[in-house]
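> Quick one: the structure is below, questions incoming.
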Amino acid sequence: MSSILSLELRASERGLRTHRVLHPLRIAHRPGVTLDVAVTSSARVSLVALIRSKVGLKVTVKDIFDLKTVRNLSEQQRDRTCSLGQTADWKVEEGPLAGTLPLLPIQEWFFAKALTKRHHWNQSFTIKTPELELVKLRATLRVLYEHHDAFSLRFKPDGDEIIQHYEPCREEIELKTLDIRSLKDDESLQDVLTQWQSGFNLEQGITFAVGYLYGFEDNSSRIWIAMHHLIIDTVSCRVLIRDLKAAYEGHDLGPKGSSYRQWALAIQNYPRSDDELLFWEEMTKEMNQTALHKSQIQQRASFSLSITQTEKLLRDCNRAYDTRANELLLTAFGWALQETLGSNTNHITLEGHGREGSIDPSLNVGDTVGWFTTMYPFVFPPIHDLGNGILNTKDRLRRIPDHGIGYGALYGYVKKPLPRFSFNYLGQFGGSSPSSSSWILTNGPGEIGYDRAPEDSDADTALLDTTCLCLDGQMRFDISSRLGMETTDRFTTLFKSCLEHVIQHTLDSSYIHRDMIHSSPAPDDFIPYFEFRGHERKGHISFLLPPGEGGAESYFNNIVRQLPHSNLVVFNNLYLHASNTRKSFEELAQYYIDHIQRLQPHGPYHLLGWSFGGVLSMEISRQLVLAGESIATLVLIDSYFAVRQANAAIKSPAEECIIDAINYQYYPTQGDLRRVVEHTNIVLFKACRVSDIGGSEQQRKLFEYYAGTKYNLLDTVVDRDTIRCIEMHDNTHFSWVKDEIQVAEICKMML
């Protein structure tokens, strides 16, 4: 469940503090100490920032994916936890800031626009609250202003350049107020809010406005905030809502995170990589910007999914292909675009939150307000079969380096135009129901105002711009188009239909085995395997065992895709989920054999494993043969055997585990495996090139050693005459998955 974060809180001071921290994210508390939330990309950034600053765990977004529970986070990081509020590990700029800073690529893109009223290009939002005390709210605004340096950013023209600099405001922060009952017949709330945000001054300030609205029939109030887009993005909205509520209730906002200036300098120094440049050149190849006529009239359309559909999309649907919600949304969007335009190759522009921790691990900008947004091109794979379409879209998205942040850093968004179709998923806001919190983001009619000047409505060059967000448990889609009314209506109808098909397909998918095997205990959220079986598939079942650092998804876009007519069972990696309880290949093999024999009671069996999975397949084969069964095929993809012997060969200390410790505990003898090889076709696909993917110097020595052996030391446990070794001359331990010719050769061995 890659999109579900299940948080189990310990009854401790840290656990209680964590509950208070997570509450603003609208995580519904259930009986006991378990909390569930479908986490989106921007929400993960906010969650990591909260846990870092308020709880004291030094977590990353990757930790959220890998560890899944607060208990695991606490236990894994016990030795490196910091005291509450400690920020010594992060670079920060304390106090009021002054001086200049570079523009981010997204800001340069803004200033390149031909705008009539550059000062009126804002982002605004409204928070529904109980009735508030005005004196207390005004004091809260000053606290918020002094905590977030983005409020003091100014933009001064200097010839052809724009100089961004900090200039703190010493004046009182104005709080506008309005009793909506006082509006005259010829006035609208929309008009008032538009007027409130029309007078920003980028050079001298102010660049934001705050209003307090009251007089609603249910006795609730509204805090309305508008900020020039140069200083805010979607993640910033989450931060401001959380900090505004906390400050109003008298809580300390804690230390500042890293500054916008520190981030801008890191992006300015982004390293050029030939591999990444080649990646983007390939992504933008054959990109056609002039295929369609741009209508002079802008069309708008919108639709929503039901709350039930939304819940299924965010949670249940992602189990079928181990996806995230945005990957399913994009599959439907690409499918609708393909059907609308009649083209199999369609480029779009995607947006990201832009706060990638890998850029500079010493910076923590999860709590920093500013415009971090990134944009990058993406080309959809043709969608002819929905299942493969989902897998292909997911694969292409996950191959994008650092979620696309490098495209802007390397090219910018001005000299190299982006595709004119765009898609942006903003994530989830609000609770599961309007009453789930006393402070919630709201989207009532007329409660925001026009955040852009009417004179600049044509400044957007997009032919089709689609934005979606989940608000109060319901997915909503807004479409702005210059494709003409007929084409816009057709696309909108198709997009909604494609989404519904994606939801139904993933729910009905027969690829998931949902029944947990009670005789083989495993974590409650662990799905043991994915089945690719059915009437259209023929022949024996091939069982695929996972690599050490991945699960079943490791095979979806290669072997599974190239064997559409074969019966496959693709296992997930129990060792990653339960390494504390199963510490040996022998124990793991027993678990997988339980599942294998429930699906196929007797042999001959056909097994394949990559790396760790190959060693596991060997041990499974050994135990099955000892039980009187037979193995027909055993395919090993660059698996390493006799790791202790390899350690000694590179003169590494005997007690040092260069790779996972489980590999050092498995050392069967030829006698143990003699019966396995008697009637088994053993095939070893051996990588001949050493991967340049990270790791320690000792790891690289170990990988080089194995690359120089004939059989990856498999010949120390079985007679070399029983091994058919096929060398992958052009591939490394990892790269074969993207080599379709190599994958096809592996697949032949499983037929």
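Following the order of the structure tokens, first chain is A, next is B, and so on, with residues numbered from 1 inside each chain and ligands from 1 in the order they appear.
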Which residues in range 207-425 of chain A does DSSP call helix (DSSP H, G or I)? List them as a PyMOL selection string.
chain A and resi 229-231+234-248+260-268+274-283+307-314+316-319+325-341+386-398+401-411
> Kindly export the residues of the current selection with C-alpha atoms, as a compact mmCIF listing (two decimals), in the first residue's frame.

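Full text of part-v7.txt as output:
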# COMPACT_ATOMS: atom_id res chain seq x y z
CA HIS A 229 2.12 33.86 -6.48
CA LEU A 230 5.82 34.82 -6.42
CA ILE A 231 5.86 34.06 -2.68
CA THR A 234 0.30 24.79 -2.59
CA VAL A 235 2.60 23.37 0.10
CA SER A 236 2.93 26.88 1.52
CA CYS A 237 -0.86 27.06 1.88
CA ARG A 238 -0.78 23.96 4.07
CA VAL A 239 2.02 25.42 6.17
CA LEU A 240 0.24 28.76 6.64
CA ILE A 241 -3.09 27.20 7.60
CA ARG A 242 -1.37 25.01 10.18
CA ASP A 243 0.81 27.80 11.61
CA LEU A 244 -2.03 30.34 11.66
CA LYS A 245 -4.19 28.03 13.77
CA ALA A 246 -1.28 27.06 16.04
CA ALA A 247 -0.23 30.67 16.63
CA TYR A 248 -3.81 31.80 17.30
CA TYR A 260 14.17 30.35 0.37
CA ARG A 261 17.53 31.98 -0.41
CA GLN A 262 19.46 28.86 0.62
CA TRP A 263 17.23 26.77 -1.64
CA ALA A 264 17.60 29.20 -4.57
CA LEU A 265 21.38 29.00 -4.28
CA ALA A 266 21.23 25.18 -4.22
CA ILE A 267 19.17 25.20 -7.44
CA GLN A 268 21.55 27.71 -8.99
CA ASP A 274 25.15 13.98 -19.09
CA ASP A 275 22.73 11.21 -18.18
CA GLU A 276 20.03 13.65 -17.09
CA LEU A 277 20.55 15.90 -20.12
CA LEU A 278 20.14 12.85 -22.35
CA PHE A 279 17.01 11.83 -20.42
CA TRP A 280 15.33 15.20 -21.05
CA GLU A 281 16.40 15.26 -24.69
CA GLU A 282 14.74 11.87 -25.16
CA MET A 283 11.63 13.00 -23.27
CA ILE A 307 -16.90 10.73 -2.22
CA THR A 308 -17.09 6.94 -2.58
CA GLN A 309 -15.24 7.00 -5.91
CA THR A 310 -12.63 9.32 -4.43
CA GLU A 311 -12.00 7.08 -1.45
CA LYS A 312 -11.59 4.06 -3.71
CA LEU A 313 -9.25 5.95 -6.04
CA LEU A 314 -7.04 7.11 -3.19
CA ASP A 316 -8.29 0.58 -2.77
CA CYS A 317 -7.44 1.13 -6.44
CA ASN A 318 -3.73 1.53 -5.81
CA ARG A 319 -3.36 -2.03 -4.56
CA ALA A 325 -3.13 8.20 -6.88
CA ASN A 326 -1.42 10.63 -9.25
CA GLU A 327 -0.30 7.72 -11.45
CA LEU A 328 -3.87 6.54 -11.90
CA LEU A 329 -5.08 10.09 -12.50
CA LEU A 330 -2.41 10.61 -15.15
CA THR A 331 -3.22 7.32 -16.85
CA ALA A 332 -6.84 8.43 -17.24
CA PHE A 333 -5.75 11.89 -18.39
CA GLY A 334 -3.38 10.45 -21.01
CA TRP A 335 -6.00 8.00 -22.21
CA ALA A 336 -8.59 10.78 -22.61
CA LEU A 337 -6.05 12.97 -24.41
CA GLN A 338 -5.18 10.12 -26.77
CA GLU A 339 -8.85 9.54 -27.62
CA THR A 340 -9.57 13.27 -28.01
CA LEU A 341 -6.62 14.09 -30.26
CA LEU A 386 -5.56 -0.39 -19.67
CA GLY A 387 -3.53 -2.63 -17.36
CA ASN A 388 -0.33 -2.16 -19.35
CA GLY A 389 -1.19 1.52 -19.74
CA ILE A 390 -1.21 1.94 -15.96
CA LEU A 391 2.07 0.06 -15.58
CA ASN A 392 3.78 1.98 -18.40
CA THR A 393 2.63 5.37 -17.09
CA LYS A 394 3.77 4.47 -13.59
CA ASP A 395 7.15 3.30 -14.92
CA ARG A 396 7.78 6.48 -16.92
CA LEU A 397 6.82 8.69 -14.02
CA ARG A 398 9.12 6.89 -11.60
CA PRO A 401 15.06 12.13 -12.03
CA ASP A 402 14.27 13.88 -8.73
CA HIS A 403 10.63 14.40 -9.77
CA GLY A 404 11.62 16.74 -12.57
CA ILE A 405 13.36 19.45 -10.57
CA GLY A 406 16.45 19.26 -12.80
CA TYR A 407 14.61 20.33 -15.96
CA GLY A 408 14.09 23.87 -14.69
CA ALA A 409 17.56 24.03 -13.14
CA LEU A 410 19.22 22.88 -16.38
CA TYR A 411 17.07 24.54 -19.03
> Extract, using only C-alpha atoms, all DNA, RNA and protein residues at most 12 Å from Glu678 in chain A, discarding same-chain residues fewer than 4 positions from it, and format them as a ChimeraX atom specification.
/A:621-622,625,630-633,670-671,673-674,682,718-719,721-723
> Once you have the residues from the selection above, write them out as an mmCIF file, in the first residue's frame, restricted to N, CA and C atoms.

data_model
loop_
_atom_site.group_PDB
_atom_site.id
_atom_site.type_symbol
_atom_site.label_atom_id
_atom_site.label_comp_id
_atom_site.auth_asym_id
_atom_site.auth_seq_id
_atom_site.Cartn_x
_atom_site.Cartn_y
_atom_site.Cartn_z
ATOM 1 N N SER A 621 13.858 -24.134 -3.949
ATOM 2 C CA SER A 621 14.039 -25.354 -4.742
ATOM 3 C C SER A 621 14.587 -26.488 -3.875
ATOM 4 N N ARG A 622 15.572 -26.158 -3.033
ATOM 5 C CA ARG A 622 16.180 -27.176 -2.170
ATOM 6 C C ARG A 622 15.130 -27.809 -1.254
ATOM 7 N N VAL A 625 12.532 -29.975 -3.241
ATOM 8 C CA VAL A 625 13.101 -31.246 -3.693
ATOM 9 C C VAL A 625 13.230 -32.220 -2.520
ATOM 10 N N SER A 630 9.668 -31.697 -7.668
ATOM 11 C CA SER A 630 10.690 -31.482 -8.694
ATOM 12 C C SER A 630 10.656 -30.046 -9.188
ATOM 13 N N ILE A 631 11.813 -29.572 -9.648
ATOM 14 C CA ILE A 631 11.966 -28.224 -10.196
ATOM 15 C C ILE A 631 12.304 -28.360 -11.676
ATOM 16 N N ALA A 632 11.466 -27.776 -12.522
ATOM 17 C CA ALA A 632 11.719 -27.854 -13.966
ATOM 18 C C ALA A 632 12.656 -26.754 -14.423
ATOM 19 N N THR A 633 12.413 -25.542 -13.958
ATOM 20 C CA THR A 633 13.210 -24.392 -14.407
ATOM 21 C C THR A 633 13.595 -23.541 -13.212
ATOM 22 N N GLN A 670 27.447 -28.372 -1.910
ATOM 23 C CA GLN A 670 27.027 -29.096 -3.103
ATOM 24 C C GLN A 670 26.193 -30.316 -2.730
ATOM 25 N N GLY A 671 26.473 -30.902 -1.591
ATOM 26 C CA GLY A 671 25.670 -32.040 -1.140
ATOM 27 C C GLY A 671 24.233 -31.639 -0.880
ATOM 28 N N LEU A 673 22.543 -29.403 -2.390
ATOM 29 C CA LEU A 673 21.827 -29.045 -3.609
ATOM 30 C C LEU A 673 21.965 -30.092 -4.711
ATOM 31 N N ARG A 674 22.587 -31.243 -4.390
ATOM 32 C CA ARG A 674 22.837 -32.239 -5.436
ATOM 33 C C ARG A 674 21.537 -32.695 -6.086
ATOM 34 N N ILE A 682 19.005 -25.140 -14.772
ATOM 35 C CA ILE A 682 19.471 -23.951 -14.051
ATOM 36 C C ILE A 682 20.111 -22.985 -15.049
ATOM 37 N N VAL A 718 26.898 -25.617 -6.646
ATOM 38 C CA VAL A 718 26.439 -26.647 -7.587
ATOM 39 C C VAL A 718 27.549 -26.866 -8.614
ATOM 40 N N ASP A 719 27.580 -28.029 -9.204
ATOM 41 C CA ASP A 719 28.592 -28.338 -10.210
ATOM 42 C C ASP A 719 28.419 -27.413 -11.409
ATOM 43 N N ASP A 721 29.012 -27.778 -14.408
ATOM 44 C CA ASP A 721 28.494 -28.429 -15.611
ATOM 45 C C ASP A 721 26.967 -28.414 -15.653
ATOM 46 N N THR A 722 26.325 -28.143 -14.494
ATOM 47 C CA THR A 722 24.858 -28.113 -14.445
ATOM 48 C C THR A 722 24.313 -26.712 -14.661
ATOM 49 N N ILE A 723 25.217 -25.726 -14.834
ATOM 50 C CA ILE A 723 24.794 -24.328 -14.961
ATOM 51 C C ILE A 723 24.876 -23.900 -16.423
#
> Point out the residue among A:Asp456, A:Ile223, A:Gly199, A:Val369 with the least atom-to-atom distance to Leu144 in chain A, counting only C-alpha atoms.
A:Val369
> For CA of Glu727 in chain A and CA of Lys686 in chain A, quote the distance in Å rounded to one decimal.
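Interatomic distance, CA of Glu727 in chain A to CA of Lys686 in chain A: 4.8 Å.
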> Would you please work out which residue, of A:Asn364, A:Thr177, A:Ser696, A:Asn557, is nearest to Val743 in chain A when using only C-alpha atoms?
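Among the listed residues, the smallest separation from Val743 in chain A belongs to A:Asn557.
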> What does the structure give for the distance between CA of Tyr212 in chain A and CA of Leu134 in chain A, in Å to one decimal?
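These two atoms are separated by 8.3 Å.
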> Select, from A:Phe200, A:Phe208, A:Phe571, A:Tyr321, the residue with the minimum atom-to-atom distance to Ile173 in chain A, counting only C-alpha atoms.
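Of all the options, A:Phe208 lies closest to Ile173 in chain A.
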> Please list as a count of residues only every residue within 6 Å of Asp638 in chain A, counting only C-alpha atoms and excluding residues in the same chain fewer than 3 positions away.
4
> Any idea what's packed within 9 Å of Arg142 in chain A, counting only C-alpha atoms, ignoring anything in its chain fewer than 5 positions away? Could you give it as a list in words?
Leu137, His147, Glu172 and Ile173 of chain A
> Could you take the residues named above and write them with N, CA, C and O atoms, as a PDB file, in the first residue's frame?

ATOM      1  N   LEU A 137      -6.307  37.843  16.615  1.00  0.00           N
ATOM      2  CA  LEU A 137      -5.989  37.469  15.241  1.00  0.00           C
ATOM      3  C   LEU A 137      -4.944  38.414  14.655  1.00  0.00           C
ATOM      4  O   LEU A 137      -4.035  37.978  13.932  1.00  0.00           O
ATOM      5  N   HIS A 147       7.737  34.961  11.321  1.00  0.00           N
ATOM      6  CA  HIS A 147       8.247  33.589  11.234  1.00  0.00           C
ATOM      7  C   HIS A 147       8.571  33.191   9.793  1.00  0.00           C
ATOM      8  O   HIS A 147       9.492  32.394   9.569  1.00  0.00           O
ATOM      9  N   GLU A 172       2.337  48.037  10.914  1.00  0.00           N
ATOM     10  CA  GLU A 172       1.324  47.124  11.396  1.00  0.00           C
ATOM     11  C   GLU A 172       0.750  46.324  10.229  1.00  0.00           C
ATOM     12  O   GLU A 172       0.517  46.855   9.149  1.00  0.00           O
ATOM     13  N   ILE A 173       0.552  45.037  10.429  1.00  0.00           N
ATOM     14  CA  ILE A 173      -0.041  44.192   9.397  1.00  0.00           C
ATOM     15  C   ILE A 173      -1.544  44.445   9.379  1.00  0.00           C
ATOM     16  O   ILE A 173      -2.227  44.272  10.398  1.00  0.00           O
TER      17      ILE A 173
END
> From a DSSP pass on the backbone, collect the residues of range 553-701 of chain A flagged as strand (DSSP E or B) and hand them back as a list in words.
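Here is the list: Ser566, Asn567, Leu568, Val569, Val570, Phe571, Tyr605, His606, Leu607, Leu608, Gly609, Trp610, Ile631, Ala632, Thr633, Leu634, Val635, Leu636, Ile637, Asn681, Ile682, Val683, Leu684, Phe685, Lys686 and Ala687 of chain A.
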> For the atom pair CA of Glu587 in chain A and CA of Leu684 in chain A, what is the interatomic distance in Å to one decimal place?
23.8 Å
> I want to know what sits within 9 Å of Glu586 in chain A, based on only C-alpha atoms, with residues of the same chain fewer than 4 positions away left out; could you give that as a PyMOL selection string?
chain A and resi 582+590+616+619-620+623+666
> Write the residues of the selection above to a file with N, CA, C and O atoms, as a PDB file, in the first residue's frame.

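selection.pdb, freshly written:
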ATOM      1  N   ARG A 582      12.153 -12.839  10.334  1.00  0.00           N
ATOM      2  CA  ARG A 582      12.671 -13.865   9.435  1.00  0.00           C
ATOM      3  C   ARG A 582      14.060 -13.441   8.981  1.00  0.00           C
ATOM      4  O   ARG A 582      14.200 -12.622   8.104  1.00  0.00           O
ATOM      5  N   GLN A 590      10.274 -21.114   3.621  1.00  0.00           N
ATOM      6  CA  GLN A 590       9.104 -21.808   4.160  1.00  0.00           C
ATOM      7  C   GLN A 590       7.838 -20.980   3.943  1.00  0.00           C
ATOM      8  O   GLN A 590       6.780 -21.520   3.606  1.00  0.00           O
ATOM      9  N   LEU A 616      16.985 -16.840  -2.936  1.00  0.00           N
ATOM     10  CA  LEU A 616      15.764 -17.334  -2.308  1.00  0.00           C
ATOM     11  C   LEU A 616      15.146 -18.465  -3.141  1.00  0.00           C
ATOM     12  O   LEU A 616      14.686 -19.478  -2.598  1.00  0.00           O
ATOM     13  N   GLU A 619      16.988 -21.704  -2.485  1.00  0.00           N
ATOM     14  CA  GLU A 619      16.627 -22.334  -1.222  1.00  0.00           C
ATOM     15  C   GLU A 619      15.217 -22.924  -1.287  1.00  0.00           C
ATOM     16  O   GLU A 619      14.966 -24.014  -0.742  1.00  0.00           O
ATOM     17  N   ILE A 620      14.291 -22.251  -1.950  1.00  0.00           N
ATOM     18  CA  ILE A 620      12.948 -22.803  -2.147  1.00  0.00           C
ATOM     19  C   ILE A 620      13.036 -24.124  -2.907  1.00  0.00           C
ATOM     20  O   ILE A 620      12.384 -25.117  -2.555  1.00  0.00           O
ATOM     21  N   GLN A 623      14.310 -26.962  -0.627  1.00  0.00           N
ATOM     22  CA  GLN A 623      13.318 -27.488   0.304  1.00  0.00           C
ATOM     23  C   GLN A 623      12.220 -28.269  -0.413  1.00  0.00           C
ATOM     24  O   GLN A 623      11.733 -29.290   0.097  1.00  0.00           O
ATOM     25  N   TYR A 666      23.896 -17.590   4.449  1.00  0.00           N
ATOM     26  CA  TYR A 666      23.448 -18.676   3.573  1.00  0.00           C
ATOM     27  C   TYR A 666      24.651 -19.257   2.839  1.00  0.00           C
ATOM     28  O   TYR A 666      25.273 -18.588   2.015  1.00  0.00           O
TER      29      TYR A 666
END
> What's around Pro601 in chain A at 12 Å? Count only C-alpha atoms, leave out sequence neighbours fewer than 6 positions away in its own chain, and write the answer as a list in words.
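Here the answer would be Ile541, Ile593, Asp594, His595, Leu624, Ala627, Gly628, Glu629 and Ser630 of chain A.
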